[in-house]
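J.: So I've got this file, target_27.tsv, and it contains TSV, C-alpha atoms:
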```tsv
chain	number	residue	atom	x	y	z
A	14	MET	CA	92.65	89.39	85.85
A	15	LYS	CA	92.80	91.99	83.12
A	16	VAL	CA	92.30	95.68	83.60
A	17	HIS	CA	89.24	95.72	81.33
A	18	GLU	CA	87.66	93.03	83.50
A	19	PHE	CA	88.20	95.18	86.55
A	20	SER	CA	86.65	98.13	84.73
A	21	LYS	CA	83.64	95.95	84.06
A	22	LEU	CA	83.34	95.26	87.79
A	23	GLU	CA	83.63	98.95	88.55
A	24	THR	CA	80.82	99.77	86.17
A	25	LYS	CA	78.55	96.90	87.09
A	26	LEU	CA	78.82	97.40	90.85
A	27	GLN	CA	78.89	101.21	90.50
A	28	LEU	CA	81.99	101.34	92.66
A	29	MET	CA	82.76	104.77	94.08
A	30	THR	CA	86.08	106.36	93.29
A	31	ARG	CA	87.42	109.88	93.22
A	32	ASN	CA	89.38	111.46	90.42
A	33	SER	CA	92.41	112.08	92.57
A	34	GLY	CA	94.50	109.08	91.78
A	35	ASP	CA	92.82	106.88	94.36
A	36	ARG	CA	93.90	103.30	94.50
A	37	LEU	CA	90.72	102.21	96.19
A	38	ALA	CA	87.21	101.61	94.96
A	39	TRP	CA	84.25	101.35	97.31
A	40	PHE	CA	80.98	99.54	97.13
A	41	GLU	CA	78.28	101.55	98.84
A	42	HIS	CA	74.72	100.55	99.60
A	43	GLU	CA	72.10	102.75	101.21
A	44	GLY	CA	74.70	105.21	102.41
A	45	LYS	CA	76.97	102.60	103.97
A	46	VAL	CA	80.40	101.61	102.72
A	47	ILE	CA	80.22	97.83	102.53
A	48	THR	CA	83.28	96.54	100.69
A	49	ARG	CA	86.33	97.95	99.00
A	50	THR	CA	88.88	96.83	96.51
A	51	LYS	CA	91.74	98.28	94.54
A	52	ARG	CA	91.59	100.10	91.27
A	53	SER	CA	94.11	99.36	88.64
A	54	HIS	CA	97.04	101.60	87.91
A	55	GLY	CA	98.58	101.01	84.54
A	56	ASN	CA	97.92	98.01	82.41
A	57	LYS	CA	99.29	95.31	84.64
A	58	ASP	CA	97.36	92.15	85.31
A	59	LEU	CA	95.68	92.17	88.69
A	60	PRO	CA	95.60	89.47	91.37
A	61	GLU	CA	92.14	88.07	90.87
A	62	HIS	CA	91.98	85.99	94.04
A	63	LEU	CA	92.83	88.97	96.25
A	64	ILE	CA	90.27	91.23	94.58
A	65	ARG	CA	87.69	88.47	94.87
A	66	GLN	CA	88.50	88.13	98.57
A	67	GLN	CA	88.04	91.86	99.13
A	68	LEU	CA	84.68	91.75	97.38
A	69	LYS	CA	83.66	88.77	99.57
A	70	LEU	CA	82.82	86.50	96.67
A	71	ASN	CA	83.54	82.88	95.86
A	72	GLU	CA	85.03	81.90	92.51
A	73	GLU	CA	81.71	81.13	90.90
A	74	GLN	CA	80.13	84.40	92.02
A	75	PHE	CA	83.17	86.35	90.90
A	76	SER	CA	83.17	84.76	87.45
A	77	GLY	CA	79.48	85.54	87.19
A	78	LEU	CA	80.16	89.14	88.02
A	79	ILE	CA	82.78	89.42	85.31
A	80	SER	CA	80.53	87.68	82.80
A	81	CYS	CA	76.88	88.66	82.92
A	82	SER	CA	75.16	86.19	85.21
A	83	VAL	CA	75.59	88.12	88.49
A	84	THR	CA	74.08	91.60	88.68
A	85	ARG	CA	74.49	94.39	91.20
A	86	ASP	CA	71.25	93.31	92.86
A	87	ASP	CA	72.58	89.76	93.08
A	88	TYR	CA	75.72	91.14	94.70
A	89	VAL	CA	73.64	93.00	97.29
A	90	GLU	CA	71.77	89.78	97.98
A	91	ILE	CA	75.05	87.86	98.39
A	92	LEU	CA	76.38	90.43	100.84
A	93	THR	CA	73.10	90.47	102.71
A	94	LYS	CA	73.17	86.70	103.08
A	95	LYS	CA	76.70	86.98	104.42
A	96	GLY	CA	75.53	89.52	106.97
A	97	LEU	CA	77.66	92.29	105.52
A	98	ILE	CA	74.62	94.30	104.53
A	99	VAL	CA	72.06	94.75	107.24
A	100	PRO	CA	68.65	95.47	105.74
A	101	SER	CA	67.45	98.93	106.69
A	102	ASP	CA	64.52	99.18	109.07
A	103	ALA	CA	62.26	100.25	106.22
A	104	ALA	CA	63.16	97.16	104.24
A	105	LYS	CA	62.78	94.75	107.13
A	106	PRO	CA	59.58	92.70	107.18
A	107	SER	CA	57.27	93.88	109.90
A	108	THR	CA	57.09	91.63	112.92
A	109	GLU	CA	54.17	93.47	114.51
A	110	GLU	CA	50.98	91.49	114.78
A	111	LYS	CA	47.83	93.16	113.62
B	3	MET	CA	120.75	73.67	124.69
B	4	HIS	CA	120.49	76.85	122.75
B	5	THR	CA	121.30	76.41	119.12
B	6	ASP	CA	121.24	78.83	116.26
B	7	THR	CA	117.90	77.51	115.15
B	8	ASP	CA	116.42	78.07	118.60
B	9	GLN	CA	116.69	81.76	118.15
B	10	THR	CA	113.32	83.39	117.87
B	11	ILE	CA	111.95	86.55	116.41
B	12	SER	CA	111.38	87.96	119.87
B	13	GLU	CA	115.11	88.37	120.33
B	14	PHE	CA	115.11	91.14	117.77
B	15	THR	CA	113.65	94.54	118.25
B	16	PRO	CA	110.87	95.26	115.79
B	17	PHE	CA	112.56	98.22	114.24
B	18	GLU	CA	116.11	96.97	114.15
B	19	THR	CA	117.30	97.63	110.64
B	20	ALA	CA	120.38	97.33	108.58
B	21	HIS	CA	121.18	96.73	105.00
B	22	PHE	CA	121.24	93.05	104.45
B	23	ALA	CA	124.46	91.82	102.98
B	24	GLY	CA	124.51	88.26	104.23
B	25	PRO	CA	124.31	86.46	107.54
B	26	ARG	CA	124.48	88.43	110.76
B	27	PRO	CA	128.01	89.22	111.92
B	28	GLY	CA	129.69	86.28	113.55
B	29	ARG	CA	127.44	83.79	111.81
B	30	THR	CA	128.17	81.57	108.89
B	31	LEU	CA	125.73	79.68	106.77
B	32	SER	CA	126.54	76.18	105.75
B	33	PRO	CA	125.60	75.40	102.16
B	34	GLY	CA	122.13	73.97	101.93
B	35	SER	CA	121.41	74.61	105.54
B	36	HIS	CA	117.86	75.23	106.64
B	37	GLN	CA	117.58	78.92	107.03
B	38	MET	CA	114.87	79.56	109.51
B	39	VAL	CA	114.14	82.52	111.70
B	40	ASP	CA	117.70	82.28	112.95
B	41	ASP	CA	118.99	83.75	109.76
B	42	LEU	CA	116.94	86.83	110.16
B	43	MET	CA	117.78	89.14	107.38
B	44	PHE	CA	117.57	92.85	107.72
B	45	SER	CA	116.95	94.97	104.75
B	46	SER	CA	115.99	98.44	103.74
B	47	ALA	CA	114.81	96.76	100.58
B	48	ALA	CA	117.76	98.21	98.77
B	49	ALA	CA	117.62	95.33	96.36
B	50	ASP	CA	114.26	96.58	95.20
B	51	ASN	CA	115.30	100.22	95.24
B	52	THR	CA	112.66	101.12	97.79
B	53	ASN	CA	112.98	102.61	101.23
B	54	GLU	CA	110.80	100.22	103.15
B	55	GLN	CA	112.08	98.92	106.42
B	56	VAL	CA	111.56	95.30	105.73
B	57	HIS	CA	112.50	92.44	107.96
B	58	ARG	CA	112.53	89.02	106.43
B	59	LEU	CA	111.39	86.55	109.02
B	60	SER	CA	112.08	83.20	107.60
B	61	GLN	CA	113.01	81.05	104.68
B	62	MET	CA	111.89	77.53	104.12
B	63	PRO	CA	114.36	74.68	103.64
B	64	ASP	CA	116.12	74.30	100.33
B	65	GLY	CA	114.01	72.92	97.53
B	66	MET	CA	110.76	74.24	98.94
B	67	GLN	CA	108.79	77.27	97.98
B	68	PRO	CA	110.16	80.09	100.14
B	69	LYS	CA	107.78	81.33	102.77
B	70	ASP	CA	108.39	84.95	102.11
B	71	GLU	CA	107.03	86.79	105.06
B	72	LEU	CA	108.02	90.23	106.18
B	73	LEU	CA	107.41	92.69	108.91
B	74	PHE	CA	106.49	95.90	107.18
B	75	ALA	CA	106.78	99.34	108.75
B	76	PRO	CA	107.73	101.89	106.12
B	77	ALA	CA	107.08	105.61	106.07
B	78	ILE	CA	103.79	105.53	104.18
B	79	ASP	CA	102.56	109.09	104.54
B	80	PRO	CA	103.85	112.23	106.31
B	81	ARG	CA	100.65	112.29	108.40
B	82	LEU	CA	100.92	108.71	109.55
B	83	LYS	CA	103.33	106.53	111.43
B	84	ILE	CA	103.30	102.77	111.63
B	85	SER	CA	103.76	102.06	115.31
B	86	SER	CA	103.52	98.31	115.01
B	87	PRO	CA	104.67	96.54	111.85
B	88	PHE	CA	102.29	94.65	109.60
B	89	ARG	CA	102.95	91.03	108.77
B	90	VAL	CA	103.17	90.82	104.99
B	91	GLN	CA	103.24	87.74	102.83
B	92	ILE	CA	104.72	87.88	99.36
B	93	VAL	CA	102.61	85.94	96.88
B	94	ARG	CA	103.87	85.11	93.43
B	95	SER	CA	101.36	84.33	90.72
B	96	ASN	CA	100.98	84.54	86.97
B	97	ASP	CA	99.62	88.04	87.47
B	98	GLY	CA	102.86	89.26	89.08
B	99	ILE	CA	103.93	89.75	92.67
B	100	SER	CA	101.53	90.66	95.44
B	101	ALA	CA	102.37	91.80	98.95
B	102	HIS	CA	99.43	90.74	101.10
B	103	ILE	CA	98.37	91.61	104.64
B	104	ALA	CA	95.85	88.95	105.63
B	105	GLU	CA	94.83	90.78	108.79
B	106	ILE	CA	93.23	93.62	106.83
B	107	GLU	CA	92.78	91.79	103.52
B	108	GLU	CA	94.86	94.38	101.71
B	109	PHE	CA	97.50	93.99	99.10
B	110	GLY	CA	99.97	95.77	96.91
B	111	HIS	CA	100.79	94.56	93.46
B	112	GLY	CA	103.64	94.96	91.03
B	113	ALA	CA	106.08	93.41	88.63
B	114	ASN	CA	108.54	92.80	91.46
B	115	ARG	CA	108.63	92.76	95.23
B	116	GLY	CA	109.72	96.38	95.55
B	117	GLU	CA	106.85	97.58	93.41
B	118	ALA	CA	104.36	95.44	95.30
B	119	LEU	CA	105.56	96.74	98.68
B	120	ASP	CA	105.60	100.32	97.46
B	121	ASP	CA	102.04	99.92	96.21
B	122	LEU	CA	101.03	98.30	99.48
B	123	GLY	CA	102.40	101.20	101.53
B	124	LYS	CA	100.46	103.75	99.48
B	125	THR	CA	97.33	101.65	99.64
B	126	ILE	CA	97.52	101.27	103.42
B	127	ALA	CA	97.85	105.04	103.82
B	128	GLU	CA	94.93	105.72	101.56
B	129	LEU	CA	92.85	103.03	103.21
B	130	TYR	CA	93.51	104.41	106.68
B	131	ILE	CA	92.70	107.98	105.71
B	132	SER	CA	89.61	106.99	103.75
B	133	LEU	CA	88.23	104.76	106.48
B	134	THR	CA	88.80	107.29	109.25
B	135	SER	CA	87.04	109.98	107.22
B	136	ARG	CA	84.03	107.69	106.70
B	137	ARG	CA	84.02	106.12	110.13
B	138	GLU	CA	80.29	106.62	110.66
B	139	LYS	CA	79.37	105.05	107.35
B	140	LEU	CA	81.33	101.81	107.57
B	141	SER	CA	79.90	98.33	107.51
B	142	THR	CA	80.79	96.11	110.45
B	143	ASP	CA	83.41	94.41	108.31
B	144	LEU	CA	85.17	97.63	107.32
B	145	ALA	CA	84.88	98.96	110.87
B	146	GLY	CA	86.86	95.87	111.86
B	147	VAL	CA	89.47	96.67	109.22
B	148	LEU	CA	89.79	100.19	110.60
B	149	LYS	CA	90.16	98.83	114.12
B	150	SER	CA	93.01	96.61	112.96
B	151	LEU	CA	94.65	99.51	111.13
B	152	GLU	CA	94.47	101.64	114.26
B	153	GLU	CA	96.38	98.99	116.13
B	154	HIS	CA	99.29	99.53	113.72
B	155	ILE	CA	99.06	103.16	112.67
B	156	ILE	CA	99.01	106.43	114.56
B	157	ARG	CA	98.26	109.81	113.05
B	158	VAL	CA	101.11	112.21	113.73
B	159	ARG	CA	99.79	115.17	111.75
B	160	THR	CA	96.36	116.29	110.62
```
Would you encode the structure as structure tokens?

T.:
Amino acid sequence: MKVHEFSKLETKLQLMTRNSGDRLAWFEHEGKVITRTKRSHGNKDLPEHLIRQQLKLNEEQFSGLISCSVTRDDYVEILTKKGLIVPSDAAKPSTEEK
Amino acid sequence: MHTDTDQTISEFTPFETAHFAGPRPGRTLSPGSHQMVDDLMFSSAAADNTNEQVHRLSQMPDGMQPKDELLFAPAIDPRLKISSPFRVQIVRSNDGISAHIAEIEEFGHGANRGEALDDLGKTIAELYISLTSRREKLSTDLAGVLKSLEEHIIRVRT
């Protein structure tokens, strides 16, 4: 994958990075670090399948993320369905009977 | 009967290193022979101009895609020491060369193997330090990655 495609991912998923030459980029949700991948250094092509694996996406979802069909919210939903994001107590549906 | 090809990885100490310049002393390779674990090559990755301690484990028979798998235990950071080597697979693709550790789903990438391994070493160090500093904030998945890293890496300095 191209560097500009990775930059698109970074922006769309609001990946966290520091300005200290980090190689890693982190996806955080509600204060938890959920997934990570690697930032690009230089203009080399990047191994798409390995980045996709780190982001826990299948090919279709990953393509959607690079194009426009998968949003950040969709990504959260995907990770939630996979059990990687545990809904916070506040977001959980109440099980108490009235 | 013990043959050359019966020799297993366990007969070699994990950190045994030497510059690879051919078969081990006393051994000869017949042309086209199947080079399996027997022909364990030792390398300081001199060919790639890097200082990794890299042990090549095996090569597939002639005519097949080489199964390029290494044990990887370089000096990655002055604060850290790899106490147990990582198993690294070299993956060639149109995007270049990747050095991949399946156990922690991490990779290094570069134009050649040396670059990929160098990148991998730096990435592992950064990953370890980042994960340990955010230990309380990690998802179950990343907590598992940290656990695996801690089975290979010890912190020698703060």

J.: Taking only C-alpha atoms into account, report as a PyMOL selection string which residues of chain A lie within 6 Å of chain B.

T.: chain A and resi 45-47+58-60

J.: What gap, in Å, lies between atom CA of B:Arg81 and atom CA of B:Arg159?

T.: 4.5 Å

J.: Stretch 154-157 of chain B: which residues within 7 Å, counting all atoms listed in the file, same-chain residues fewer than 4 positions away excluded, as number ranges by chain?

T.: B: 81-87, 150

J.: Would you mind reading off the distance between atom CA of A:Asn71 and atom CA of B:Ile92, one decimal, in Å?

T.: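 Those two atoms sit 22.0 Å apart.
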
J.: Go through B:Val147, B:Thr160, B:Ala75, B:Asp70 one by one, measure the shortest atom-to-atom distance of each to B:Leu122 using all atoms listed in the file, and give the residue with the smallest value.

T.: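 Of B:Val147, B:Thr160, B:Ala75, B:Asp70, the one nearest B:Leu122 is B:Ala75, counting all atoms listed in the file.
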
J.: Pick the closest to A:Gln66 from A:Gln27, A:Ser80, A:Ser101, A:Thr50: which is it, counting only C-alpha atoms?

T.: A:Thr50

J.: Measure the distance from atom CA of A:Cys81 to atom CA of A:Leu97 in Å and round it to one decimal.

T.: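 Going from atom CA of A:Cys81 over to atom CA of A:Leu97 covers 22.9 Å.
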
J.: So that I can check the surroundings of stretch 83-91 of chain A, please list as number ranges by chain every protein, DNA and RNA residue that reaches within 9 Å of it, counting only C-alpha atoms and ignoring chain neighbours fewer than 2 positions away.

T.: A: 25-27, 42, 69-70, 74-81, 93-98

J.: Got a sec: who's within 12 Å of A:Ser53, counting only C-alpha atoms, leaving out chain neighbours fewer than 2 positions off, as a VMD selection string?

T.: (chain A and resid 14 to 23 30 34 to 38 50 to 51 55 to 61 64) or (chain B and resid 110 to 112 121 125)

J.: Rank nothing, just name the residue among A:His54, A:Val99, A:Gln67, A:His62 nearest to A:Phe40, using all atoms listed in the file.

T.: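 When distances to A:Phe40 are compared using all atoms listed in the file, the smallest one comes from A:Gln67.
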